[in-house]
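Data file: data-v9.cif. Format and content: mmCIF, C-alpha atoms.
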data_query
loop_
_atom_site.group_PDB
_atom_site.id
_atom_site.type_symbol
_atom_site.label_atom_id
_atom_site.label_comp_id
_atom_site.auth_asym_id
_atom_site.auth_seq_id
_atom_site.Cartn_x
_atom_site.Cartn_y
_atom_site.Cartn_z
ATOM 1 C CA MET G 1 -16.181 -38.882 -15.298
ATOM 2 C CA ILE G 2 -15.404 -40.928 -18.392
ATOM 3 C CA GLU G 3 -16.699 -38.060 -20.490
ATOM 4 C CA GLY G 4 -14.341 -35.704 -18.671
ATOM 5 C CA ALA G 5 -11.388 -37.974 -19.313
ATOM 6 C CA LEU G 6 -12.283 -38.241 -22.987
ATOM 7 C CA GLU G 7 -12.620 -34.491 -23.209
ATOM 8 C CA ALA G 8 -9.201 -34.012 -21.616
ATOM 9 C CA ALA G 9 -7.708 -36.583 -23.991
ATOM 10 C CA MET G 10 -9.213 -34.738 -26.947
ATOM 11 C CA THR G 11 -7.771 -31.471 -25.659
ATOM 12 C CA PHE G 12 -4.254 -32.698 -25.012
ATOM 13 C CA PHE G 13 -4.083 -35.437 -27.651
ATOM 14 C CA PRO G 14 -6.198 -34.230 -30.576
ATOM 15 C CA ARG G 15 -4.459 -36.698 -32.899
ATOM 16 C CA GLY G 16 -4.885 -39.618 -30.504
ATOM 17 C CA THR G 17 -2.252 -41.434 -28.470
ATOM 18 C CA ILE G 18 -1.585 -44.848 -29.967
ATOM 19 C CA GLN G 19 0.626 -43.866 -32.881
ATOM 20 C CA TYR G 20 2.789 -41.799 -30.541
ATOM 21 C CA LEU G 21 3.353 -44.681 -28.138
ATOM 22 C CA VAL G 22 3.893 -47.270 -30.851
ATOM 23 C CA GLY G 23 6.233 -44.956 -32.758
ATOM 24 C CA GLY G 24 8.234 -44.166 -29.639
ATOM 25 C CA VAL G 25 8.588 -47.822 -28.745
ATOM 26 C CA MET G 26 9.786 -48.560 -32.279
ATOM 27 C CA VAL G 27 12.410 -45.822 -32.047
ATOM 28 C CA ALA G 28 13.785 -47.532 -28.948
ATOM 29 C CA VAL G 29 13.514 -51.015 -30.458
ATOM 30 C CA GLY G 30 15.570 -49.839 -33.434
ATOM 31 C CA ILE G 31 18.263 -48.633 -31.057
ATOM 32 C CA ALA G 32 18.001 -51.809 -28.966
ATOM 33 C CA VAL G 33 18.531 -54.091 -31.977
ATOM 34 C CA ILE G 34 21.894 -52.479 -32.696
ATOM 35 C CA TYR G 35 22.822 -52.185 -29.018
ATOM 36 C CA LEU G 36 22.040 -55.792 -28.133
ATOM 37 C CA GLY G 37 24.025 -57.036 -31.115
ATOM 38 C CA THR G 38 27.045 -54.784 -30.820
ATOM 39 C CA ALA G 39 26.934 -52.900 -27.468
ATOM 40 C CA ILE G 40 27.042 -49.681 -29.520
ATOM 41 C CA ILE G 41 24.536 -47.011 -28.542
ATOM 42 C CA PRO G 42 23.788 -45.353 -31.874
ATOM 43 C CA GLY G 43 22.988 -41.664 -31.474
ATOM 44 C CA ASN G 44 21.710 -39.730 -34.462
ATOM 45 C CA SER G 45 23.662 -36.474 -34.350
ATOM 46 C CA THR G 46 27.176 -37.982 -34.478
ATOM 47 C CA PHE G 47 26.366 -38.825 -38.107
ATOM 48 C CA LEU G 48 26.650 -35.116 -38.922
ATOM 49 C CA GLU G 49 30.104 -34.670 -37.442
ATOM 50 C CA THR G 50 31.634 -37.940 -38.627
ATOM 51 C CA THR G 51 30.279 -37.507 -42.166
ATOM 52 C CA LEU G 52 32.093 -34.173 -42.413
ATOM 53 C CA SER G 53 35.370 -36.116 -42.255
ATOM 54 C CA TYR G 54 34.760 -37.249 -45.842
ATOM 55 C CA VAL G 55 35.018 -33.683 -47.096
ATOM 56 C CA SER G 56 36.959 -31.733 -44.468
ATOM 57 C CA ASN G 57 40.436 -32.080 -43.010
ATOM 58 C CA VAL G 58 39.536 -30.217 -39.820
ATOM 59 C CA PRO G 59 41.106 -32.377 -37.081
ATOM 60 C CA ARG G 60 37.929 -32.421 -35.016
ATOM 61 C CA PHE G 61 36.098 -34.455 -37.676
ATOM 62 C CA ASN G 62 39.006 -36.764 -38.380
ATOM 63 C CA ARG G 63 39.517 -38.374 -35.022
ATOM 64 C CA PRO G 64 40.191 -42.115 -35.313
ATOM 65 C CA SER G 65 36.899 -43.063 -33.649
ATOM 66 C CA TYR G 66 35.019 -40.900 -36.152
ATOM 67 C CA ILE G 67 36.858 -42.292 -39.172
ATOM 68 C CA ALA G 68 36.183 -45.802 -37.896
ATOM 69 C CA SER G 69 32.454 -45.297 -37.354
ATOM 70 C CA ARG G 70 31.534 -42.924 -40.187
ATOM 71 C CA ASP G 71 30.693 -45.632 -42.735
ATOM 72 C CA TRP G 72 28.150 -47.452 -40.631
ATOM 73 C CA ARG G 73 26.701 -44.140 -39.430
ATOM 74 C CA VAL G 74 25.960 -43.241 -43.051
ATOM 75 C CA VAL G 75 24.347 -46.649 -43.527
ATOM 76 C CA PHE G 76 22.346 -46.083 -40.325
ATOM 77 C CA ALA G 77 21.102 -42.652 -41.447
ATOM 78 C CA PHE G 78 20.049 -43.923 -44.883
ATOM 79 C CA SER G 79 18.288 -46.857 -43.249
ATOM 80 C CA ILE G 80 16.303 -44.393 -41.136
ATOM 81 C CA VAL G 81 15.291 -42.613 -44.348
ATOM 82 C CA ALA G 82 14.275 -45.957 -45.871
ATOM 83 C CA GLY G 83 12.350 -47.074 -42.782
ATOM 84 C CA ALA G 84 10.446 -43.799 -42.740
ATOM 85 C CA ALA G 85 9.729 -44.155 -46.460
ATOM 86 C CA LEU G 86 8.297 -47.619 -45.851
ATOM 87 C CA TRP G 87 5.638 -46.070 -43.647
ATOM 88 C CA GLY G 88 5.345 -42.602 -45.170
ATOM 89 C CA LEU G 89 5.348 -43.485 -48.861
ATOM 90 C CA VAL G 90 4.382 -47.161 -49.117
ATOM 91 C CA LEU G 91 1.951 -47.990 -46.311
ATOM 92 C CA ASP G 92 0.604 -44.503 -45.606
ATOM 93 C CA PRO G 93 -0.910 -42.678 -48.568
ATOM 94 C CA GLY G 94 1.123 -39.970 -50.206
ATOM 95 C CA PRO G 95 4.172 -37.894 -49.351
ATOM 96 C CA PHE G 96 4.125 -35.259 -46.639
ATOM 97 C CA VAL G 97 5.498 -31.803 -47.347
ATOM 98 C CA THR G 98 5.943 -29.385 -44.460
ATOM 99 C CA SER G 99 4.687 -25.837 -44.683
ATOM 100 C CA VAL G 100 7.219 -24.607 -42.123
ATOM 101 C CA GLN G 101 9.227 -21.936 -43.925
ATOM 102 C CA PRO G 102 12.711 -22.726 -45.283
ATOM 103 C CA TRP G 103 14.431 -20.037 -43.183
ATOM 104 C CA ARG G 104 13.054 -21.638 -40.022
ATOM 105 C CA LEU G 105 14.220 -25.077 -41.130
ATOM 106 C CA PHE G 106 17.674 -23.860 -42.117
ATOM 107 C CA GLY G 107 18.252 -21.441 -39.241
ATOM 108 C CA GLY G 108 16.890 -23.901 -36.701
ATOM 109 C CA GLY G 109 18.959 -26.633 -38.311
ATOM 110 C CA VAL G 110 22.174 -24.642 -37.883
ATOM 111 C CA LEU G 111 21.454 -24.152 -34.178
ATOM 112 C CA VAL G 112 20.488 -27.815 -33.778
ATOM 113 C CA GLY G 113 23.763 -28.806 -35.449
ATOM 114 C CA ILE G 114 25.803 -26.585 -33.140
ATOM 115 C CA GLY G 115 23.807 -27.434 -30.022
ATOM 116 C CA THR G 116 23.829 -31.201 -30.319
ATOM 117 C CA ARG G 117 27.568 -31.230 -30.955
ATOM 118 C CA ILE G 118 28.445 -28.897 -28.073
ATOM 119 C CA GLY G 119 25.952 -30.636 -25.799
ATOM 120 C CA LYS G 120 27.148 -34.177 -26.592
ATOM 121 C CA GLY G 121 23.920 -35.509 -28.019
ATOM 122 C CA CYS G 122 20.441 -34.950 -29.389
ATOM 123 C CA THR G 123 16.881 -36.095 -28.802
ATOM 124 C CA ALA G 124 17.853 -39.724 -29.358
ATOM 125 C CA GLY G 125 21.207 -39.658 -27.576
ATOM 126 C CA HIS G 126 20.201 -37.674 -24.507
ATOM 127 C CA GLY G 127 16.401 -37.848 -24.679
ATOM 128 C CA VAL G 128 16.017 -41.571 -25.298
ATOM 129 C CA CYS G 129 19.312 -43.331 -24.540
ATOM 130 C CA GLY G 130 20.588 -40.939 -21.874
ATOM 131 C CA LEU G 131 17.302 -40.813 -19.982
ATOM 132 C CA GLY G 132 17.038 -44.586 -20.405
ATOM 133 C CA SER G 133 20.462 -44.815 -18.784
ATOM 134 C CA ALA G 134 19.298 -42.639 -15.865
ATOM 135 C CA SER G 135 22.078 -40.191 -16.726
ATOM 136 C CA THR G 136 21.929 -36.921 -14.782
ATOM 137 C CA THR G 137 23.867 -35.188 -17.530
ATOM 138 C CA SER G 138 21.219 -36.189 -20.047
ATOM 139 C CA LEU G 139 18.396 -35.134 -17.740
ATOM 140 C CA VAL G 140 19.923 -31.663 -17.412
ATOM 141 C CA ASN G 141 20.366 -31.432 -21.182
ATOM 142 C CA VAL G 142 16.814 -32.614 -21.919
ATOM 143 C CA VAL G 143 15.163 -30.313 -19.372
ATOM 144 C CA LEU G 144 17.088 -27.387 -20.860
ATOM 145 C CA PHE G 145 16.389 -28.135 -24.505
ATOM 146 C CA VAL G 146 12.708 -28.932 -23.995
ATOM 147 C CA GLY G 147 12.205 -25.853 -21.796
ATOM 148 C CA VAL G 148 14.064 -23.512 -24.127
ATOM 149 C CA ALA G 149 12.281 -24.983 -27.162
ATOM 150 C CA ILE G 150 8.868 -24.387 -25.570
ATOM 151 C CA ILE G 151 9.793 -20.752 -24.882
ATOM 152 C CA THR G 152 11.253 -20.318 -28.381
ATOM 153 C CA ALA G 153 8.296 -21.850 -30.210
ATOM 154 C CA THR G 154 5.882 -19.771 -28.144
ATOM 155 C CA VAL G 155 7.783 -16.550 -28.860
ATOM 156 C CA VAL G 156 8.055 -17.352 -32.571
ATOM 157 C CA ALA G 157 4.296 -17.989 -32.724
ATOM 158 C CA ALA G 158 3.560 -14.840 -30.708
ATOM 159 C CA LEU G 159 5.563 -12.834 -33.241
ATOM 160 C CA GLY G 160 3.022 -13.978 -35.793
ATOM 161 C CA VAL G 161 5.281 -16.386 -37.681
ATOM 162 C CA THR G 162 3.090 -19.026 -39.315
ATOM 163 C CA PRO G 163 3.784 -21.664 -40.110
ATOM 164 C CA MET Y 164 31.646 -46.606 -20.304
ATOM 165 C CA SER Y 165 30.029 -45.344 -23.424
ATOM 166 C CA ARG Y 166 30.381 -46.878 -26.850
ATOM 167 C CA ASP Y 167 28.560 -44.215 -28.799
ATOM 168 C CA ALA Y 168 31.374 -43.021 -31.044
ATOM 169 C CA ASP Y 169 32.768 -46.455 -31.409
ATOM 170 C CA GLY Y 170 32.280 -49.537 -33.489
ATOM 171 C CA SER Y 171 35.908 -49.226 -34.416
ATOM 172 C CA THR Y 172 36.925 -52.847 -34.569
ATOM 173 C CA THR Y 173 38.719 -53.537 -37.833
ATOM 174 C CA ASP Y 174 37.337 -57.037 -38.350
ATOM 175 C CA ARG Y 175 33.633 -56.564 -38.126
ATOM 176 C CA HIS Y 176 31.202 -59.389 -37.862
ATOM 177 C CA PRO Y 177 29.522 -60.026 -41.227
ATOM 178 C CA LEU Y 178 26.156 -59.327 -39.622
ATOM 179 C CA PHE Y 179 27.256 -55.938 -38.304
ATOM 180 C CA LEU Y 180 26.005 -53.833 -41.217
ATOM 181 C CA PRO Y 181 22.793 -55.833 -41.742
ATOM 182 C CA LEU Y 182 21.999 -55.235 -38.065
ATOM 183 C CA VAL Y 183 22.655 -51.496 -38.427
ATOM 184 C CA VAL Y 184 20.305 -51.472 -41.434
ATOM 185 C CA LEU Y 185 17.609 -53.342 -39.513
ATOM 186 C CA GLY Y 186 17.896 -51.009 -36.513
ATOM 187 C CA GLY Y 187 17.776 -47.958 -38.782
ATOM 188 C CA LEU Y 188 14.723 -49.253 -40.641
ATOM 189 C CA ILE Y 189 12.818 -49.856 -37.404
ATOM 190 C CA GLN Y 190 13.790 -46.500 -35.943
ATOM 191 C CA GLY Y 191 12.942 -44.652 -39.163
ATOM 192 C CA PHE Y 192 9.588 -46.397 -39.397
ATOM 193 C CA GLY Y 193 8.883 -45.447 -35.775
ATOM 194 C CA LEU Y 194 9.842 -41.812 -36.305
ATOM 195 C CA ALA Y 195 7.571 -41.582 -39.347
ATOM 196 C CA TYR Y 196 4.727 -43.501 -37.724
ATOM 197 C CA SER Y 197 4.827 -41.363 -34.574
ATOM 198 C CA GLY Y 198 4.535 -38.156 -36.584
ATOM 199 C CA MET Y 199 7.765 -36.808 -35.158
ATOM 200 C CA ALA Y 200 9.152 -36.540 -38.687
ATOM 201 C CA ARG Y 201 6.613 -33.753 -39.259
ATOM 202 C CA PRO Y 202 7.855 -30.416 -37.891
ATOM 203 C CA GLU Y 203 4.246 -29.336 -37.388
ATOM 204 C CA VAL Y 204 3.642 -32.113 -34.851
ATOM 205 C CA VAL Y 205 6.724 -31.105 -32.864
ATOM 206 C CA LEU Y 206 5.791 -27.421 -32.946
ATOM 207 C CA ASP Y 207 2.252 -28.280 -31.780
ATOM 208 C CA PHE Y 208 3.785 -30.125 -28.852
ATOM 209 C CA LEU Y 209 6.015 -27.196 -27.934
ATOM 210 C CA GLN Y 210 2.938 -24.943 -27.860
ATOM 211 C CA PHE Y 211 0.934 -27.456 -25.794
ATOM 212 C CA ASP Y 212 -1.561 -28.060 -28.587
ATOM 213 C CA ASP Y 213 -0.748 -31.784 -28.767
ATOM 214 C CA LEU Y 214 1.231 -33.499 -26.020
ATOM 215 C CA GLY Y 215 1.810 -36.649 -28.076
ATOM 216 C CA LEU Y 216 5.550 -36.164 -28.138
ATOM 217 C CA ILE Y 217 5.727 -36.903 -24.424
ATOM 218 C CA LEU Y 218 4.455 -40.362 -25.294
ATOM 219 C CA VAL Y 219 7.024 -40.778 -28.057
ATOM 220 C CA MET Y 220 10.017 -39.767 -25.955
ATOM 221 C CA GLY Y 221 8.634 -41.294 -22.772
ATOM 222 C CA GLY Y 222 7.758 -44.607 -24.419
ATOM 223 C CA ALA Y 223 11.152 -44.723 -26.106
ATOM 224 C CA ALA Y 224 13.042 -43.874 -22.914
ATOM 225 C CA VAL Y 225 11.191 -46.551 -20.926
ATOM 226 C CA VAL Y 226 11.999 -49.230 -23.511
ATOM 227 C CA SER Y 227 15.616 -48.041 -23.700
ATOM 228 C CA GLY Y 228 15.815 -48.103 -19.917
ATOM 229 C CA MET Y 229 14.614 -51.706 -19.823
ATOM 230 C CA THR Y 230 17.020 -52.675 -22.602
ATOM 231 C CA PHE Y 231 20.017 -51.121 -20.856
ATOM 232 C CA TYR Y 232 19.012 -52.618 -17.527
ATOM 233 C CA ILE Y 233 18.632 -56.125 -18.879
ATOM 234 C CA ALA Y 234 21.829 -55.970 -20.945
ATOM 235 C CA THR Y 235 24.055 -54.551 -18.213
ATOM 236 C CA HIS Y 236 22.661 -56.835 -15.513
ATOM 237 C CA PHE Y 237 21.991 -60.133 -17.214
ATOM 238 C CA LEU Y 238 23.879 -60.328 -20.477
ATOM 239 C CA ASP Y 239 27.538 -60.975 -20.925
ATOM 240 C CA ARG Y 240 29.055 -59.547 -24.071
ATOM 241 C CA ALA Y 241 27.552 -58.385 -27.344
ATOM 242 C CA PRO Y 242 27.535 -61.275 -29.828
ATOM 243 C CA LEU Y 243 28.683 -59.283 -32.863
ATOM 244 C CA SER Y 244 31.461 -57.261 -31.249
ATOM 245 C CA SER Y 245 32.391 -59.088 -28.037
ATOM 246 C CA ASP Y 246 32.174 -55.683 -26.343
ATOM 247 C CA GLN Y 247 30.765 -55.262 -22.886
ATOM 248 C CA TYR Y 248 27.368 -53.604 -22.531
ATOM 249 C CA GLY Y 249 27.337 -50.176 -20.961
ATOM 250 C CA ARG Y 250 24.925 -47.332 -20.332
ATOM 251 C CA ARG Y 251 24.976 -44.003 -22.103
ATOM 252 C CA THR Y 252 26.562 -41.558 -19.727
ATOM 253 C CA ARG Y 253 28.347 -38.304 -20.467
ATOM 254 C CA SER Y 254 30.397 -36.150 -18.148
ATOM 255 C CA MET Y 255 28.550 -33.069 -16.951
ATOM 256 C CA ASP Y 256 30.119 -29.759 -17.811
ATOM 257 C CA ARG Y 257 29.226 -26.277 -18.985
ATOM 258 C CA ASN Y 258 29.037 -27.469 -22.603
ATOM 259 C CA VAL Y 259 26.144 -29.809 -21.842
ATOM 260 C CA ALA Y 260 24.120 -26.835 -20.600
ATOM 261 C CA ILE Y 261 25.168 -24.467 -23.392
ATOM 262 C CA GLY Y 262 24.535 -27.152 -26.015
ATOM 263 C CA GLY Y 263 21.113 -27.910 -24.549
ATOM 264 C CA VAL Y 264 20.088 -24.261 -24.727
ATOM 265 C CA VAL Y 265 21.360 -23.776 -28.304
ATOM 266 C CA PHE Y 266 19.694 -27.019 -29.403
ATOM 267 C CA GLY Y 267 16.494 -25.913 -27.676
ATOM 268 C CA VAL Y 268 16.360 -22.646 -29.611
ATOM 269 C CA GLY Y 269 16.972 -24.528 -32.863
ATOM 270 C CA TRP Y 270 14.345 -27.165 -32.065
ATOM 271 C CA GLY Y 271 11.838 -24.469 -31.104
ATOM 272 C CA VAL Y 272 12.436 -22.508 -34.303
ATOM 273 C CA SER Y 273 12.362 -25.453 -36.704
ATOM 274 C CA GLY Y 274 10.553 -28.333 -34.995
ATOM 275 C CA ILE Y 275 13.291 -30.646 -36.201
ATOM 276 C CA CYS Y 276 16.015 -32.753 -34.581
ATOM 277 C CA PRO Y 277 18.590 -34.969 -36.336
ATOM 278 C CA GLY Y 278 16.919 -38.413 -36.373
ATOM 279 C CA ALA Y 279 13.498 -36.972 -37.141
ATOM 280 C CA ALA Y 280 15.017 -34.933 -39.974
ATOM 281 C CA TYR Y 281 16.443 -38.027 -41.697
ATOM 282 C CA ALA Y 282 13.067 -39.718 -41.295
ATOM 283 C CA SER Y 283 11.327 -36.637 -42.662
ATOM 284 C CA LEU Y 284 13.218 -37.021 -45.909
ATOM 285 C CA GLY Y 285 11.864 -40.571 -46.059
ATOM 286 C CA ILE Y 286 8.250 -39.425 -45.945
ATOM 287 C CA GLY Y 287 8.899 -37.307 -49.019
ATOM 288 C CA ASN Y 288 9.387 -34.021 -47.211
ATOM 289 C CA LEU Y 289 11.978 -32.467 -49.512
ATOM 290 C CA PRO Y 290 12.007 -29.025 -47.827
ATOM 291 C CA ILE Y 291 13.596 -30.801 -44.846
ATOM 292 C CA LEU Y 292 16.836 -30.717 -46.854
ATOM 293 C CA TRP Y 293 17.067 -27.107 -45.654
ATOM 294 C CA ALA Y 294 17.163 -28.363 -42.071
ATOM 295 C CA ILE Y 295 19.636 -31.151 -42.818
ATOM 296 C CA ALA Y 296 21.895 -28.699 -44.670
ATOM 297 C CA GLY Y 297 21.631 -26.368 -41.692
ATOM 298 C CA MET Y 298 22.610 -29.145 -39.289
ATOM 299 C CA PHE Y 299 25.723 -29.932 -41.313
ATOM 300 C CA VAL Y 300 26.623 -26.235 -41.405
ATOM 301 C CA GLY Y 301 26.107 -26.014 -37.628
ATOM 302 C CA ALA Y 302 28.150 -29.137 -36.941
ATOM 303 C CA TYR Y 303 30.890 -27.786 -39.199
ATOM 304 C CA ILE Y 304 30.960 -24.380 -37.493
ATOM 305 C CA GLN Y 305 31.160 -26.056 -34.096
ATOM 306 C CA GLY Y 306 33.883 -28.499 -35.108
ATOM 307 C CA TYR Y 307 35.898 -25.856 -36.941
ATOM 308 C CA LEU Y 308 35.849 -23.446 -34.017
ATOM 309 C CA ARG Y 309 36.646 -26.169 -31.509
ATOM 310 C CA SER Y 310 39.562 -27.449 -33.584
ATOM 311 C CA ARG Y 311 40.924 -23.910 -33.877
ATOM 312 C CA SER Y 312 40.599 -23.143 -30.182
ATOM 313 C CA GLN Y 313 42.364 -26.395 -29.379
ATOM 314 C CA THR Y 314 45.252 -25.525 -31.678
ATOM 315 C CA GLU Y 315 45.571 -22.055 -30.192
ATOM 316 C CA SER Y 316 45.528 -23.168 -26.592
ATOM 317 C CA SER Y 317 48.279 -25.736 -26.413
ATOM 318 C CA HIS Y 318 46.615 -27.853 -23.741
ATOM 319 C CA SER Y 319 44.436 -30.479 -25.310
ATOM 320 C CA ILE Y 320 40.827 -30.678 -24.283
ATOM 321 C CA THR Y 321 39.715 -34.251 -24.575
ATOM 322 C CA ALA Y 322 36.373 -34.120 -26.248
ATOM 323 C CA ASP Y 323 33.876 -36.512 -24.840
ATOM 324 C CA ASP Y 324 31.595 -37.962 -27.433
#
Starting from the file, give its structure as structure tokens.
Amino acid sequence: MIEGALEAAMTFFPRGTIQYLVGGVMVAVGIAVIYLGTAIIPGNSTFLETTLSYVSNVPRFNRPSYIASRDWRVVFAFSIVAGAALWGLVLDPGPFVTSVQPWRLFGGGVLVGIGTRIGKGCTAGHGVCGLGSASTTSLVNVVLFVGVAIITATVVAALGVTP
Amino acid sequence: MSRDADGSTTDRHPLFLPLVVLGGLIQGFGLAYSGMARPEVVLDFLQFDDLGLILVMGGAAVVSGMTFYIATHFLDRAPLSSDQYGRRTRSMDRNVAIGGVVFGVGWGVSGICPGAAYASLGIGNLPILWAIAGMFVGAYIQGYLRSRSQTESSHSITADD
């Protein structure tokens, strides 16, 4: 019985489980620190849209709430980079370089940029904060993006695209 | 009442930015530590080769849920902004569904989402700049088209962010 459980764990979690849980909790703690101090729920995708106000006069990017929050959102994004570097470059040996092809990163990135902005949030906003808020809207969004992503990744792999 | 696109008080508490930095550092560390900053880990999850991401998102959502519950039920106002605590809710409309599907295709193709992409840069993954550039292009296309459609149709659609 224990052997069976271990075997199942090895099948579904070949890299183990602890780092996933600890990492996930830290993601939420990072959000909670800012939220408990300021009552702001800091999503990650609004950074993209508000930052565009520095270089574009399109009205959509220059709404007062965006102008007012863009500076700290830049600080937030760079702090995420720094926090990741603390683990990825200082405590964990050596940099990681993905072998996923540039066209996948860029093309997927474009769709992610469009999708999160139309859909009012991303993995952090809907997936973590929205689900944590028991928001039906977020649940719908998350079920759709996870389901569609599973289908997409499976199709891409079936077409022989690696990595 | 959502405060996501806010933080717009003119006189900010001197600890406001240090707190944002601290929160960002913790979140970035967590994203790197969890492996989510590696597109390969996300793609493995989407193909059921490694279900670890359920633990990342699930663990994060549970902690967020507890945070929101405690703050909205037992705490008064946020010390650095004097704002009231709220939950993250968005109005449901067709855009939420369309956006979810488009995001899903992008996530499935690339294995990358915004927060994880910033963190990926931090672990030295320079090719991720392709994804970040793509996200900016996508956000620009979306904002440009929405601004134009709002100008053309005289009635103003109040965007909910």
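Within 10 Å of the point (4.7, -27.3, -44.3) in file coordinates, and counting only C-alpha atoms, lie the residues Phe96, Val97, Thr98, Ser99, Val100, Gln101, Pro102, Thr162 and Pro163 of chain G; Arg201, Pro202, Glu203, Asn288, Pro290 and Ile291 of chain Y.
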Quick one: residues within 9 Å of Gly109 of chain G, all atoms listed in the file counted, chain neighbours fewer than 2 positions away excluded, as a ChimeraX atom specification? /G:104-107,111-114 /Y:266,269-270,272-273,275-277,293-301
Compare Y:Leu243, Y:Val226, Y:Met255, Y:Leu308 by their minimum atom-to-atom distance to Leu182 of chain Y, counting only C-alpha atoms, and give me the closest one. Y:Leu243
So what does the PyMOL selection byres ((chain Y and resi 229-241) around 8) actually pick up in this one, as a list in words? Ala32, Tyr35, Leu36, Gly37, Thr38, Ala39, Gly132 and Ser133 of chain G; Val225, Val226, Ser227, Gly228, Pro242, Leu243, Ser244, Ser245, Asp246, Gln247, Tyr248, Gly249 and Arg250 of chain Y
So how many Å separate atom CA of Ile80 of chain G and atom CA of Gly287 of chain Y, to one decimal? 12.9 Å
Would you mind telling me which residue in G:Cys122, G:Thr11, G:Gly108, G:Arg70 lies nearest to chain Y when using all atoms listed in the file?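 When distances to chain Y are compared using all atoms listed in the file, the smallest one comes from G:Gly108.
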What does the structure give for the distance between atom CA of Ile40 of chain G and atom CA of Ser56 of chain G, in Å to one decimal? 25.4 Å
Which value, in Å to one decimal, gives the distance between atom CA of Leu188 of chain Y and atom CA of Gly125 of chain G?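 Interatomic distance here is 17.5 Å.
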Using the chain letters and numbers from this file, what does the PyMOL selection byres ((chain G and resi 137) around 7) select? Give the answer as JSON, numbers by chain. {"G": [135, 136, 138, 139, 140, 141], "Y": [253, 254, 255]}
List the spatial neighbours of Ile18 of chain G as a PyMOL selection string - criterion: any atom at most 9 Å away, all atoms listed in the file, same-chain residues fewer than 4 positions off excluded. (chain G and resi 22-23) or (chain Y and resi 197+218)
Give me a file of those residues, with C-alpha atoms, as an mmCIF file, in the frame of the given file.
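Generated output (result_5.cif):
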data_model
loop_
_atom_site.group_PDB
_atom_site.id
_atom_site.type_symbol
_atom_site.label_atom_id
_atom_site.label_comp_id
_atom_site.auth_asym_id
_atom_site.auth_seq_id
_atom_site.Cartn_x
_atom_site.Cartn_y
_atom_site.Cartn_z
ATOM 1 C CA VAL G 22 3.893 -47.270 -30.851
ATOM 2 C CA GLY G 23 6.233 -44.956 -32.758
ATOM 3 C CA SER Y 197 4.827 -41.363 -34.574
ATOM 4 C CA LEU Y 218 4.455 -40.362 -25.294
#
Counting all atoms listed in the file, which of G:Gly16, G:Pro93, G:Gly115, G:Gly147 gets nearest to chain Y? G:Gly115
I need the residue nearest chain Y from this list: G:Pro64, G:Gly88, G:Gly160, G:Gly94. Use only C-alpha atoms for the distance.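 Ranked by minimum distance to chain Y, first place goes to G:Gly88.
Using only C-alpha atoms, the smallest distance between any of Y:Gln210, Y:Asn258, Y:Thr252, Y:Gln190 and Thr116 of chain G comes from Y:Asn258.
Neighbours of Thr123 of chain G closer than or equal to 9 Å, with all atoms listed in the file counted and sequence neighbours fewer than 6 positions away skipped, come out as Gly43, Asn44, Ser45, Thr116, Cys129 and Val142 of chain G; Met220, Cys276, Pro277 and Gly278 of chain Y.
If only C-alpha atoms are the atoms counted, then among G:Arg63, G:Ala68, G:Val55, G:Trp103 the closest residue to chain Y is G:Ala68.
Residues with at least one atom no more than 10 Å from (11.8, -47.7, -42.2), using all atoms listed in the file, are Gly30, Phe78, Ser79, Ile80, Val81, Ala82, Gly83, Ala84, Ala85, Leu86, Trp87 and Gly88 of chain G; Val184, Leu185, Gly186, Gly187, Leu188, Ile189, Gln190, Gly191, Phe192, Gly193, Leu194, Ala195, Tyr196, Ala282, Gly285 and Ile286 of chain Y.
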